[in-house]
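entry.cif, holding mmCIF, C-alpha atoms and all ligand atoms:
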```
data_upload
#
loop_
_atom_site.group_PDB
_atom_site.id
_atom_site.type_symbol
_atom_site.label_atom_id
_atom_site.label_comp_id
_atom_site.auth_asym_id
_atom_site.auth_seq_id
_atom_site.Cartn_x
_atom_site.Cartn_y
_atom_site.Cartn_z
ATOM 1 C CA MET A 16 11.294 5.121 24.953
ATOM 2 C CA GLU A 17 13.591 4.358 27.852
ATOM 3 C CA GLN A 18 13.681 7.113 30.418
ATOM 4 C CA ARG A 19 17.067 8.473 31.391
ATOM 5 C CA LEU A 20 17.963 10.520 34.403
ATOM 6 C CA THR A 21 21.225 11.851 35.794
ATOM 7 C CA ILE A 22 21.658 12.406 39.516
ATOM 8 C CA LEU A 23 24.203 15.156 40.209
ATOM 9 C CA VAL A 24 25.717 14.862 43.666
ATOM 10 C CA GLY A 25 27.001 17.785 45.726
ATOM 11 C CA THR A 26 28.498 16.500 48.953
ATOM 12 C CA MET A 27 31.121 17.195 51.577
ATOM 13 C CA THR A 28 31.044 14.096 53.782
ATOM 14 C CA GLY A 29 29.218 11.602 51.569
ATOM 15 C CA THR A 30 25.649 11.739 52.835
ATOM 16 C CA ALA A 31 24.272 13.069 49.555
ATOM 17 C CA GLN A 32 26.189 10.362 47.684
ATOM 18 C CA LEU A 33 24.584 7.675 49.830
ATOM 19 C CA VAL A 34 21.164 9.227 49.255
ATOM 20 C CA ALA A 35 21.772 9.387 45.497
ATOM 21 C CA ASP A 36 22.838 5.741 45.344
ATOM 22 C CA GLU A 37 19.731 4.558 47.206
ATOM 23 C CA VAL A 38 17.442 6.722 45.087
ATOM 24 C CA ALA A 39 19.156 5.394 41.946
ATOM 25 C CA ASP A 40 18.364 1.820 42.987
ATOM 26 C CA VAL A 41 14.657 2.689 43.342
ATOM 27 C CA LEU A 42 14.583 4.453 39.980
ATOM 28 C CA LYS A 43 16.360 1.568 38.239
ATOM 29 C CA ALA A 44 13.862 -0.887 39.697
ATOM 30 C CA ARG A 45 11.141 1.239 38.131
ATOM 31 C CA GLY A 46 12.691 1.167 34.695
ATOM 32 C CA VAL A 47 14.696 4.392 34.610
ATOM 33 C CA ALA A 48 18.254 4.350 33.259
ATOM 34 C CA VAL A 49 20.084 6.263 35.981
ATOM 35 C CA GLU A 50 23.570 7.675 36.092
ATOM 36 C CA VAL A 51 24.906 9.016 39.396
ATOM 37 C CA ARG A 52 27.590 11.672 38.920
ATOM 38 C CA PRO A 53 29.478 13.520 41.626
ATOM 39 C CA MET A 54 29.609 17.209 40.659
ATOM 40 C CA ASP A 55 33.426 17.266 40.909
ATOM 41 C CA GLY A 56 34.912 18.752 37.777
ATOM 42 C CA LEU A 57 31.566 19.307 36.022
ATOM 43 C CA ASP A 58 30.654 22.539 34.281
ATOM 44 C CA ALA A 59 27.568 23.934 32.573
ATOM 45 C CA GLY A 60 28.134 21.584 29.631
ATOM 46 C CA ILE A 61 26.549 18.756 31.610
ATOM 47 C CA PHE A 62 23.176 20.346 30.781
ATOM 48 C CA ALA A 63 23.942 21.129 27.128
ATOM 49 C CA ALA A 64 21.938 18.255 25.653
ATOM 50 C CA GLY A 65 18.985 18.853 27.992
ATOM 51 C CA GLY A 66 17.327 15.900 29.719
ATOM 52 C CA ALA A 67 16.213 14.927 33.204
ATOM 53 C CA PHE A 68 18.276 15.576 36.313
ATOM 54 C CA LEU A 69 18.052 15.196 40.042
ATOM 55 C CA ILE A 70 20.150 17.631 42.035
ATOM 56 C CA CYS A 71 21.152 15.950 45.278
ATOM 57 C CA SER A 72 23.090 18.492 47.340
ATOM 58 C CA SER A 73 23.988 19.259 50.914
ATOM 59 C CA THR A 74 24.736 22.724 52.355
ATOM 60 C CA TYR A 75 27.918 24.150 53.881
ATOM 61 C CA GLY A 76 29.528 27.369 55.021
ATOM 62 C CA GLN A 77 27.089 30.263 55.065
ATOM 63 C CA GLY A 78 24.410 28.395 53.137
ATOM 64 C CA ASP A 79 26.759 27.508 50.287
ATOM 65 C CA VAL A 80 26.786 24.594 47.907
ATOM 66 C CA PRO A 81 29.471 22.005 48.800
ATOM 67 C CA ASP A 82 33.018 22.467 47.525
ATOM 68 C CA ASN A 83 32.601 19.835 44.803
ATOM 69 C CA ALA A 84 29.603 21.785 43.437
ATOM 70 C CA GLN A 85 31.227 25.236 43.388
ATOM 71 C CA LYS A 86 32.667 25.014 39.887
ATOM 72 C CA LEU A 87 29.421 23.823 38.298
ATOM 73 C CA PHE A 88 27.401 26.459 40.154
ATOM 74 C CA ALA A 89 29.750 29.314 39.241
ATOM 75 C CA ASP A 90 29.946 28.214 35.600
ATOM 76 C CA LEU A 91 26.152 28.232 35.283
ATOM 77 C CA GLU A 92 25.999 31.682 36.900
ATOM 78 C CA GLN A 93 28.623 32.996 34.527
ATOM 79 C CA LYS A 94 27.584 31.391 31.228
ATOM 80 C CA LYS A 95 23.831 31.555 31.802
ATOM 81 C CA PRO A 96 22.991 28.776 29.302
ATOM 82 C CA ASP A 97 19.415 28.358 28.133
ATOM 83 C CA LEU A 98 18.170 25.311 30.046
ATOM 84 C CA ALA A 99 14.700 25.154 28.472
ATOM 85 C CA ARG A 100 15.273 21.484 27.625
ATOM 86 C CA VAL A 101 16.178 20.554 31.195
ATOM 87 C CA VAL A 102 13.711 19.007 33.624
ATOM 88 C CA TYR A 103 14.843 18.509 37.195
ATOM 89 C CA GLY A 104 14.024 17.683 40.795
ATOM 90 C CA VAL A 105 15.898 18.602 43.969
ATOM 91 C CA ILE A 106 16.930 16.643 47.030
ATOM 92 C CA ALA A 107 18.357 19.210 49.463
ATOM 93 C CA LEU A 108 20.209 18.106 52.586
ATOM 94 C CA GLY A 109 20.662 20.464 55.489
ATOM 95 C CA ASP A 110 20.223 20.995 59.184
ATOM 96 C CA ARG A 111 17.607 23.251 60.795
ATOM 97 C CA THR A 112 20.199 24.220 63.382
ATOM 98 C CA TYR A 113 21.317 26.557 60.597
ATOM 99 C CA ALA A 114 17.963 28.338 60.656
ATOM 100 C CA GLN A 115 18.913 31.181 58.333
ATOM 101 C CA THR A 116 20.374 28.945 55.637
ATOM 102 C CA PHE A 117 18.414 25.709 55.952
ATOM 103 C CA CYS A 118 18.973 23.562 52.850
ATOM 104 C CA PHE A 119 20.295 26.547 50.907
ATOM 105 C CA GLY A 120 22.611 24.340 48.832
ATOM 106 C CA GLY A 121 19.663 22.650 47.110
ATOM 107 C CA LYS A 122 17.548 25.804 47.205
ATOM 108 C CA ARG A 123 20.245 27.841 45.477
ATOM 109 C CA PHE A 124 20.538 25.240 42.712
ATOM 110 C CA ASP A 125 16.759 25.342 42.323
ATOM 111 C CA ALA A 126 16.683 29.142 42.004
ATOM 112 C CA LEU A 127 19.582 29.133 39.549
ATOM 113 C CA LEU A 128 18.176 26.407 37.301
ATOM 114 C CA GLN A 129 14.750 28.086 37.261
ATOM 115 C CA SER A 130 16.319 31.409 36.333
ATOM 116 C CA LEU A 131 17.964 29.678 33.353
ATOM 117 C CA GLY A 132 14.651 28.310 32.098
ATOM 118 C CA ALA A 133 14.804 24.742 33.417
ATOM 119 C CA ARG A 134 11.523 23.205 34.553
ATOM 120 C CA ARG A 135 11.244 21.707 38.021
ATOM 121 C CA VAL A 136 9.065 18.688 38.658
ATOM 122 C CA GLY A 137 7.564 18.387 42.141
ATOM 123 C CA ASP A 138 8.508 20.112 45.360
ATOM 124 C CA LEU A 139 12.001 20.100 46.804
ATOM 125 C CA LEU A 140 12.773 17.409 49.323
ATOM 126 C CA LEU A 141 14.261 19.230 52.304
ATOM 127 C CA HIS A 142 15.987 16.901 54.742
ATOM 128 C CA ASP A 143 16.831 18.089 58.232
ATOM 129 C CA ALA A 144 19.852 16.274 59.702
ATOM 130 C CA SER A 145 18.706 17.184 63.227
ATOM 131 C CA ALA A 146 15.225 15.675 62.755
ATOM 132 C CA GLY A 147 16.317 12.152 63.634
ATOM 133 C CA THR A 148 15.322 10.657 60.279
ATOM 134 C CA MET A 149 17.698 8.941 57.884
ATOM 135 C CA PRO A 150 18.034 10.998 54.703
ATOM 136 C CA GLU A 151 18.303 7.951 52.447
ATOM 137 C CA GLU A 152 15.062 6.527 53.875
ATOM 138 C CA VAL A 153 13.204 9.818 53.517
ATOM 139 C CA ALA A 154 14.520 10.156 49.972
ATOM 140 C CA VAL A 155 13.514 6.620 48.985
ATOM 141 C CA ASP A 156 9.961 7.384 50.186
ATOM 142 C CA TRP A 157 9.945 10.691 48.314
ATOM 143 C CA ILE A 158 11.284 9.474 44.971
ATOM 144 C CA GLY A 159 8.331 7.200 44.089
ATOM 145 C CA PRO A 160 5.730 10.011 44.008
ATOM 146 C CA TRP A 161 8.313 12.283 42.373
ATOM 147 C CA LEU A 162 8.781 9.762 39.540
ATOM 148 C CA ASP A 163 4.991 9.602 39.086
ATOM 149 C CA GLN A 164 4.886 13.388 38.680
ATOM 150 C CA PHE A 165 7.858 13.289 36.334
ATOM 151 C CA ARG A 166 6.139 10.687 34.128
ATOM 152 C CA ASP A 167 2.844 12.612 34.191
ATOM 153 C CA ALA A 168 4.646 15.749 33.062
ATOM 154 C CA ARG A 169 6.317 13.850 30.215
ATOM 155 C CA ASP A 170 3.072 12.256 29.103
ATOM 156 C CA LYS A 171 1.391 15.654 28.970
ATOM 157 C CA ALA A 172 4.299 17.147 27.040
ATOM 158 C CA ALA A 173 4.278 14.279 24.508
HETATM 159 C C1 LIG A 201 30.454 23.057 58.754
HETATM 160 C C2 LIG A 201 29.038 22.740 58.381
HETATM 161 C C3 LIG A 201 28.228 23.758 57.864
HETATM 162 C C4 LIG A 201 26.888 23.485 57.522
HETATM 163 N N1 LIG A 201 26.096 24.518 57.068
HETATM 164 C C5 LIG A 201 24.788 24.277 56.833
HETATM 165 C C6 LIG A 201 23.923 25.348 56.441
HETATM 166 O O1 LIG A 201 24.322 26.509 56.295
HETATM 167 N N2 LIG A 201 22.599 25.056 56.206
HETATM 168 C C7 LIG A 201 22.098 23.796 56.354
HETATM 169 O O2 LIG A 201 20.888 23.599 56.139
HETATM 170 N N3 LIG A 201 22.914 22.758 56.721
HETATM 171 C C8 LIG A 201 24.218 22.970 56.952
HETATM 172 N N4 LIG A 201 25.038 21.923 57.338
HETATM 173 C C9 LIG A 201 24.469 20.556 57.445
HETATM 174 C C10 LIG A 201 24.784 19.632 56.261
HETATM 175 O O3 LIG A 201 24.350 20.175 55.029
HETATM 176 C C11 LIG A 201 24.077 18.275 56.504
HETATM 177 O O4 LIG A 201 24.617 17.686 57.650
HETATM 178 C C12 LIG A 201 24.172 17.310 55.333
HETATM 179 O O5 LIG A 201 23.385 16.164 55.603
HETATM 180 C C13 LIG A 201 25.593 16.871 55.044
HETATM 181 O O6 LIG A 201 25.578 16.126 53.836
HETATM 182 P P1 LIG A 201 26.932 15.666 53.100
HETATM 183 O O7 LIG A 201 27.555 14.594 53.930
HETATM 184 O O8 LIG A 201 26.441 15.098 51.780
HETATM 185 O O9 LIG A 201 27.808 16.830 52.870
HETATM 186 C C14 LIG A 201 26.363 22.168 57.676
HETATM 187 C C15 LIG A 201 27.199 21.151 58.180
HETATM 188 C C16 LIG A 201 28.508 21.421 58.527
HETATM 189 C C17 LIG A 201 29.358 20.305 59.095
#
```
Translate the structure described by the file into structure tokens.
Amino acid sequence: MEQRLTILVGTMTGTAQLVADEVADVLKARGVAVEVRPMDGLDAGIFAAGGAFLICSSTYGQGDVPDNAQKLFADLEQKKPDLARVVYGVIALGDRTYAQTFCFGGKRFDALLQSLGARRVGDLLLHDASAGTMPEEVAVDWIGPWLDQFRDARDKAA
């Protein structure tokens, strides 16, 4: 069966979008049908049918999710849907200059999805904008092993 995955992008200045697009290219080359969707206008219904997701989100304000992710985040908090049929990974963009809230955008999505019963595959990718590495390059290196873990988990569940 063809594997499908949706990358949900939370971004303020486009970095997470760039990362998502590059990661999507790698996944497509490895046989995954990928859809990249900015979080703008989305609500909890995006998860209603279950499936596989990558949350690709930066961090703003006092460790907040980006503006375009606020509605989706708040709707999940309010409706508390059962996400037992959701499997996900997280690419979190941040900057260690913000020591108290490093990568909290992605981390807050992770905590919320877990609390709703979704199952995370792999560790979070935490990218530090002040580390001197390009987030899209780090993410492209990270996604290969992540996909292996994702496929292992599916094979075991089958
Ligand atoms: C005003 C502002 C606030 C930020 N706040 C945080 C923060 O609290 N924690 C963090 O880890 N990074 C923070 N960042 C860093 C961004 O999340 C990081 O630069 C990210 O790569 C931007 O991605 P984007 O272009 O997709 O929005 C902040 C950046 C700006 C400009």
- request: List all protein, DNA and RNA residues that have at least one atom no more than 6 Å from any atom of ligand LIG 201 (chain A), counting all atoms listed in the file, and write them as an MDAnalysis selection string.
  value: chainID A and resid 26:31 73:78 108:111 113 116:119 144
Quick one: residues within 8 Å of Thr21 in chain A, only C-alpha atoms, excluding same-chain residues fewer than 6 positions away - as a PDB file with C-alpha atoms, keeping the file's coordinate frame?
```pdb
ATOM      1  CA  VAL A  49      20.084   6.263  35.981  1.00  0.00           C
ATOM      2  CA  GLU A  50      23.570   7.675  36.092  1.00  0.00           C
ATOM      3  CA  VAL A  51      24.906   9.016  39.396  1.00  0.00           C
ATOM      4  CA  ARG A  52      27.590  11.672  38.920  1.00  0.00           C
ATOM      5  CA  ALA A  67      16.213  14.927  33.204  1.00  0.00           C
ATOM      6  CA  PHE A  68      18.276  15.576  36.313  1.00  0.00           C
ATOM      7  CA  LEU A  69      18.052  15.196  40.042  1.00  0.00           C
TER       8      LEU A  69
END
```
- prompt: Quick one: which residues end up in the PyMOL selection byres (((chain A and resi 38) around 12) and not hetatm) for this structure, as a PyMOL selection string?
  reply: chain A and resi 20-24+31-37+39-45+47+49-51+69-71+106+150-159+161-162
Keeping only C-alpha atoms, write the selected residues to a file as a short mmCIF file (atom, residue, chain, number, x, y, z; two decimals), in the frame of the given file.
```cif
data_model
loop_
_atom_site.label_atom_id
_atom_site.label_comp_id
_atom_site.auth_asym_id
_atom_site.auth_seq_id
_atom_site.Cartn_x
_atom_site.Cartn_y
_atom_site.Cartn_z
CA LEU A 20 17.96 10.52 34.40
CA THR A 21 21.22 11.85 35.79
CA ILE A 22 21.66 12.41 39.52
CA LEU A 23 24.20 15.16 40.21
CA VAL A 24 25.72 14.86 43.67
CA ALA A 31 24.27 13.07 49.56
CA GLN A 32 26.19 10.36 47.68
CA LEU A 33 24.58 7.68 49.83
CA VAL A 34 21.16 9.23 49.26
CA ALA A 35 21.77 9.39 45.50
CA ASP A 36 22.84 5.74 45.34
CA GLU A 37 19.73 4.56 47.21
CA ALA A 39 19.16 5.39 41.95
CA ASP A 40 18.36 1.82 42.99
CA VAL A 41 14.66 2.69 43.34
CA LEU A 42 14.58 4.45 39.98
CA LYS A 43 16.36 1.57 38.24
CA ALA A 44 13.86 -0.89 39.70
CA ARG A 45 11.14 1.24 38.13
CA VAL A 47 14.70 4.39 34.61
CA VAL A 49 20.08 6.26 35.98
CA GLU A 50 23.57 7.68 36.09
CA VAL A 51 24.91 9.02 39.40
CA LEU A 69 18.05 15.20 40.04
CA ILE A 70 20.15 17.63 42.04
CA CYS A 71 21.15 15.95 45.28
CA ILE A 106 16.93 16.64 47.03
CA PRO A 150 18.03 11.00 54.70
CA GLU A 151 18.30 7.95 52.45
CA GLU A 152 15.06 6.53 53.88
CA VAL A 153 13.20 9.82 53.52
CA ALA A 154 14.52 10.16 49.97
CA VAL A 155 13.51 6.62 48.98
CA ASP A 156 9.96 7.38 50.19
CA TRP A 157 9.94 10.69 48.31
CA ILE A 158 11.28 9.47 44.97
CA GLY A 159 8.33 7.20 44.09
CA TRP A 161 8.31 12.28 42.37
CA LEU A 162 8.78 9.76 39.54
#
```
- request: Decode the PyMOL selection byres (((chain A and resi 86) around 12) and not hetatm) for the given file into explicit residues and return them as a ChimeraX atom specification.
  value: /A:25,54-60,80-85,87-94
message: Env of range 121-135 of chain A: 6 Å cut, atoms = only C-alpha atoms, seq-sep filter 2 positions within chain, self excluded. Answer as a count of residues only.
response: 11
task: Quick one: pull the distance between CA of Gly66 in chain A and CA of His142 in chain A, Å, one decimal.
output: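 Atom-to-atom, CA of Gly66 in chain A and CA of His142 in chain A are spaced 25.1 Å apart.
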message: Please compute the CA of Ala63 in chain A-CA of Pro160 in chain A distance, one decimal, in Å.
response: 27.2 Å
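Atom pair CA of Gly137 in chain A / CA of Arg169 in chain A has a distance of 12.8 Å (rounded to one decimal).
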